[in-house]
Amino acid sequence: MTAPDSSRMYDGRPVADRRAQRRAQFLAAGLELFGESGYQDSSITALCRAAGLARSQFYEHFHNREELLLAVFDMIQEEARQAVAEAVDLTEPGDGVGWAQAAVRAYAESLGRDPRRARISQIEIVGVSERVEQHRLDQREAWMTFFADQCTRTLGPDFVPPGGYRAAATGFVGALNALVHQWSTGDSRLDLAAVTEVLTRFLTSLTTVSE
């Protein structure tokens, strides 16, 4: 019986580790090329060159460019959610303003500090295909769920924002993405402090419990 990849060795390293490393190299190449040249202008040949790997190795991980785009998009979204969760965990329970400020700043820095991430998340992912569009919408649903979970953890299980979670999350996520994208593209009229201030006030208005 052939040993599973987790225990097989090649050139002194577990095969599973080598596969994970190659996948990470393709993700890094996708972030670089999709974020700088754009999805449509990034060929598999160019992606392999950027990753320093062979075309055959690309197909060990992805069926096509679209699958790599989705994998890069998911990586960006998951890392942003992780950054927000870690920032929120450092705030005091019930501190709506502190929670809002921490969440907004963490998200803005996760995407906006690297314009490639903002471009992929808000431009390159749009309109590629029906499959990609559905995946983008699924990720938006994941952010709405995440928004609701974080509100519940911070403000308690009985809290409901004005208009309900779906309306509040839709409005906030839309404003968040628009401002972070504008800031990340180098708009001289905006800086991180301004973006954080506006979005914190927006989020606080949704999460402040009326007396």
# chains A, B, ... in the order shown; residues from 1 in each chain; ligands from 1
call {"tool": "residues_around", "arguments": {"residues": "Leu176 (chain A)", "least_positions_apart": "2", "cutoff": "10 Å", "atoms": "only C-alpha atoms", "output": "list of chain:residue names"}}
result
A:Val104, A:Tyr107, A:Ala108, A:Thr170, A:Gly171, A:Phe172, A:Val173, A:Gly174, A:Ala178, A:Leu179, A:Val180, A:His181, A:Val195, A:Thr196, A:Val198, A:Leu199, A:Thr200, A:Phe202, A:Leu203
call {"tool": "write_last_selection", "arguments": {"atoms": "N, CA and C atoms", "output": "PDB file, in the first residue's frame"}}
result
ATOM      1  N   VAL A 104     -12.795  48.219  12.235  1.00  0.00           N
ATOM      2  CA  VAL A 104     -12.613  49.003  11.008  1.00  0.00           C
ATOM      3  C   VAL A 104     -11.131  49.147  10.668  1.00  0.00           C
ATOM      4  N   TYR A 107      -9.574  45.839   9.416  1.00  0.00           N
ATOM      5  CA  TYR A 107      -9.978  45.503   8.049  1.00  0.00           C
ATOM      6  C   TYR A 107      -9.281  46.410   7.042  1.00  0.00           C
ATOM      7  N   ALA A 108      -9.278  47.691   7.334  1.00  0.00           N
ATOM      8  CA  ALA A 108      -8.667  48.654   6.407  1.00  0.00           C
ATOM      9  C   ALA A 108      -7.190  48.356   6.210  1.00  0.00           C
ATOM     10  N   THR A 170     -25.289  44.765   5.116  1.00  0.00           N
ATOM     11  CA  THR A 170     -25.185  45.143   3.704  1.00  0.00           C
ATOM     12  C   THR A 170     -24.728  46.584   3.551  1.00  0.00           C
ATOM     13  N   GLY A 171     -25.340  47.482   4.321  1.00  0.00           N
ATOM     14  CA  GLY A 171     -24.974  48.890   4.252  1.00  0.00           C
ATOM     15  C   GLY A 171     -23.560  49.145   4.716  1.00  0.00           C
ATOM     16  N   PHE A 172     -23.178  48.510   5.831  1.00  0.00           N
ATOM     17  CA  PHE A 172     -21.846  48.753   6.371  1.00  0.00           C
ATOM     18  C   PHE A 172     -20.760  48.153   5.494  1.00  0.00           C
ATOM     19  N   VAL A 173     -20.939  46.913   5.049  1.00  0.00           N
ATOM     20  CA  VAL A 173     -19.921  46.271   4.212  1.00  0.00           C
ATOM     21  C   VAL A 173     -19.731  47.035   2.911  1.00  0.00           C
ATOM     22  N   GLY A 174     -20.825  47.549   2.335  1.00  0.00           N
ATOM     23  CA  GLY A 174     -20.722  48.340   1.113  1.00  0.00           C
ATOM     24  C   GLY A 174     -19.914  49.612   1.330  1.00  0.00           C
ATOM     25  N   ALA A 178     -16.073  50.454  -0.206  1.00  0.00           N
ATOM     26  CA  ALA A 178     -15.909  51.636  -1.050  1.00  0.00           C
ATOM     27  C   ALA A 178     -14.817  52.562  -0.519  1.00  0.00           C
ATOM     28  N   LEU A 179     -14.844  52.845   0.780  1.00  0.00           N
ATOM     29  CA  LEU A 179     -13.863  53.763   1.350  1.00  0.00           C
ATOM     30  C   LEU A 179     -12.463  53.154   1.408  1.00  0.00           C
ATOM     31  N   VAL A 180     -12.385  51.869   1.766  1.00  0.00           N
ATOM     32  CA  VAL A 180     -11.071  51.223   1.822  1.00  0.00           C
ATOM     33  C   VAL A 180     -10.453  51.167   0.433  1.00  0.00           C
ATOM     34  N   HIS A 181     -11.271  50.885  -0.574  1.00  0.00           N
ATOM     35  CA  HIS A 181     -10.738  50.860  -1.941  1.00  0.00           C
ATOM     36  C   HIS A 181     -10.250  52.237  -2.359  1.00  0.00           C
ATOM     37  N   VAL A 195     -10.547  57.465   7.101  1.00  0.00           N
ATOM     38  CA  VAL A 195     -11.347  56.283   6.781  1.00  0.00           C
ATOM     39  C   VAL A 195     -11.857  55.620   8.057  1.00  0.00           C
ATOM     40  N   THR A 196     -10.957  55.468   9.024  1.00  0.00           N
ATOM     41  CA  THR A 196     -11.332  54.833  10.288  1.00  0.00           C
ATOM     42  C   THR A 196     -12.391  55.644  11.019  1.00  0.00           C
ATOM     43  N   VAL A 198     -14.658  57.853   9.805  1.00  0.00           N
ATOM     44  CA  VAL A 198     -15.968  57.798   9.140  1.00  0.00           C
ATOM     45  C   VAL A 198     -16.644  56.450   9.367  1.00  0.00           C
ATOM     46  N   LEU A 199     -15.902  55.377   9.157  1.00  0.00           N
ATOM     47  CA  LEU A 199     -16.498  54.053   9.269  1.00  0.00           C
ATOM     48  C   LEU A 199     -16.791  53.673  10.715  1.00  0.00           C
ATOM     49  N   THR A 200     -15.996  54.168  11.652  1.00  0.00           N
ATOM     50  CA  THR A 200     -16.291  53.916  13.064  1.00  0.00           C
ATOM     51  C   THR A 200     -17.597  54.582  13.459  1.00  0.00           C
ATOM     52  N   PHE A 202     -20.051  55.279  11.458  1.00  0.00           N
ATOM     53  CA  PHE A 202     -21.102  54.536  10.773  1.00  0.00           C
ATOM     54  C   PHE A 202     -21.444  53.277  11.568  1.00  0.00           C
ATOM     55  N   LEU A 203     -20.410  52.510  11.912  1.00  0.00           N
ATOM     56  CA  LEU A 203     -20.637  51.256  12.622  1.00  0.00           C
ATOM     57  C   LEU A 203     -21.193  51.507  14.020  1.00  0.00           C
TER      58      LEU A 203
END
call {"tool": "residues_around", "arguments": {"residues": "region 23-28 of chain A", "least_positions_apart": "3", "cutoff": "7 Å", "atoms": "only C-alpha atoms", "output": "PyMOL selection string"}}
result
chain A and resi 19-20+31-32+51+61+72
call {"tool": "write_last_selection", "arguments": {"atoms": "N, CA and C atoms", "output": "mmCIF file, in the first residue's frame"}}
result
data_model
loop_
_atom_site.group_PDB
_atom_site.id
_atom_site.type_symbol
_atom_site.label_atom_id
_atom_site.label_comp_id
_atom_site.auth_asym_id
_atom_site.auth_seq_id
_atom_site.Cartn_x
_atom_site.Cartn_y
_atom_site.Cartn_z
ATOM 1 N N ARG A 19 4.029 20.064 -1.304
ATOM 2 C CA ARG A 19 2.812 20.464 -2.014
ATOM 3 C C ARG A 19 2.269 21.767 -1.444
ATOM 4 N N ALA A 20 2.248 21.871 -0.120
ATOM 5 C CA ALA A 20 1.755 23.090 0.511
ATOM 6 C C ALA A 20 2.613 24.286 0.133
ATOM 7 N N LEU A 31 -1.455 36.700 -6.257
ATOM 8 C CA LEU A 31 -1.604 37.993 -5.596
ATOM 9 C C LEU A 31 -0.805 39.061 -6.342
ATOM 10 N N GLU A 32 0.394 38.721 -6.737
ATOM 11 C CA GLU A 32 1.259 39.680 -7.430
ATOM 12 C C GLU A 32 0.699 40.063 -8.803
ATOM 13 N N ALA A 51 5.842 32.251 -9.962
ATOM 14 C CA ALA A 51 5.936 31.292 -8.851
ATOM 15 C C ALA A 51 7.252 30.535 -8.855
ATOM 16 N N HIS A 61 -2.518 21.665 -8.695
ATOM 17 C CA HIS A 61 -3.260 22.402 -7.665
ATOM 18 C C HIS A 61 -4.527 23.078 -8.187
ATOM 19 N N VAL A 72 -6.942 32.862 -4.262
ATOM 20 C CA VAL A 72 -6.309 34.093 -3.788
ATOM 21 C C VAL A 72 -7.347 34.985 -3.109
#
call {"tool": "select_by_dssp", "arguments": {"residues": "region 76-202 of chain A", "states": "alpha helix (DSSP H)", "output": "ChimeraX atom specification"}}
result
/A:76-89,96-112,115-119,130-155,164-184,192-202
call {"tool": "atom_distance", "arguments": {"atom1": "CA of Arg166 (chain A)", "atom2": "CA of Gln139 (chain A)"}}
result
14.0 Å
call {"tool": "atom_distance", "arguments": {"atom1": "CA of Ala168 (chain A)", "atom2": "CA of Gly156 (chain A)"}}
result
16.5 Å
call {"tool": "closest_residue", "arguments": {"among": "A:Arg140, A:Arg22, A:Ser37, A:Arg117", "to": "Arg55 (chain A)", "atoms": "only C-alpha atoms"}}
result
A:Arg22
call {"tool": "decode", "arguments": {"residues": "region 171-189 of chain A", "atoms": "N, CA and C atoms", "output": "compact mmCIF listing (two decimals), in the first residue's frame"}}
result
# COMPACT_ATOMS: atom_id res chain seq x y z
N GLY A 171 -25.34 47.48 4.32
CA GLY A 171 -24.97 48.89 4.25
C GLY A 171 -23.56 49.14 4.72
N PHE A 172 -23.18 48.51 5.83
CA PHE A 172 -21.85 48.75 6.37
C PHE A 172 -20.76 48.15 5.49
N VAL A 173 -20.94 46.91 5.05
CA VAL A 173 -19.92 46.27 4.21
C VAL A 173 -19.73 47.04 2.91
N GLY A 174 -20.83 47.55 2.34
CA GLY A 174 -20.72 48.34 1.11
C GLY A 174 -19.91 49.61 1.33
N ALA A 175 -20.22 50.33 2.42
CA ALA A 175 -19.47 51.56 2.72
C ALA A 175 -18.01 51.25 3.04
N LEU A 176 -17.79 50.18 3.78
CA LEU A 176 -16.43 49.77 4.14
C LEU A 176 -15.58 49.51 2.90
N ASN A 177 -16.11 48.70 1.99
CA ASN A 177 -15.34 48.37 0.79
C ASN A 177 -15.08 49.59 -0.08
N ALA A 178 -16.07 50.45 -0.21
CA ALA A 178 -15.91 51.64 -1.05
C ALA A 178 -14.82 52.56 -0.52
N LEU A 179 -14.84 52.85 0.78
CA LEU A 179 -13.86 53.76 1.35
C LEU A 179 -12.46 53.15 1.41
N VAL A 180 -12.39 51.87 1.77
CA VAL A 180 -11.07 51.22 1.82
C VAL A 180 -10.45 51.17 0.43
N HIS A 181 -11.27 50.89 -0.57
CA HIS A 181 -10.74 50.86 -1.94
C HIS A 181 -10.25 52.24 -2.36
N GLN A 182 -11.03 53.27 -2.05
CA GLN A 182 -10.63 54.63 -2.43
C GLN A 182 -9.33 55.02 -1.74
N TRP A 183 -9.20 54.68 -0.46
CA TRP A 183 -7.97 54.99 0.26
C TRP A 183 -6.79 54.18 -0.28
N SER A 184 -7.02 52.90 -0.57
CA SER A 184 -5.92 52.03 -0.99
C SER A 184 -5.35 52.41 -2.35
N THR A 185 -6.15 53.10 -3.17
CA THR A 185 -5.68 53.49 -4.49
C THR A 185 -4.89 54.81 -4.46
N GLY A 186 -4.71 55.35 -3.25
CA GLY A 186 -3.87 56.53 -3.10
C GLY A 186 -4.58 57.85 -3.26
N ASP A 187 -5.90 57.89 -3.01
CA ASP A 187 -6.64 59.14 -3.06
C ASP A 187 -6.05 60.09 -2.02
N SER A 188 -5.50 61.21 -2.46
CA SER A 188 -4.82 62.13 -1.56
C SER A 188 -5.77 62.82 -0.59
N ARG A 189 -7.07 62.71 -0.85
CA ARG A 189 -8.03 63.35 0.04
C ARG A 189 -8.36 62.49 1.24
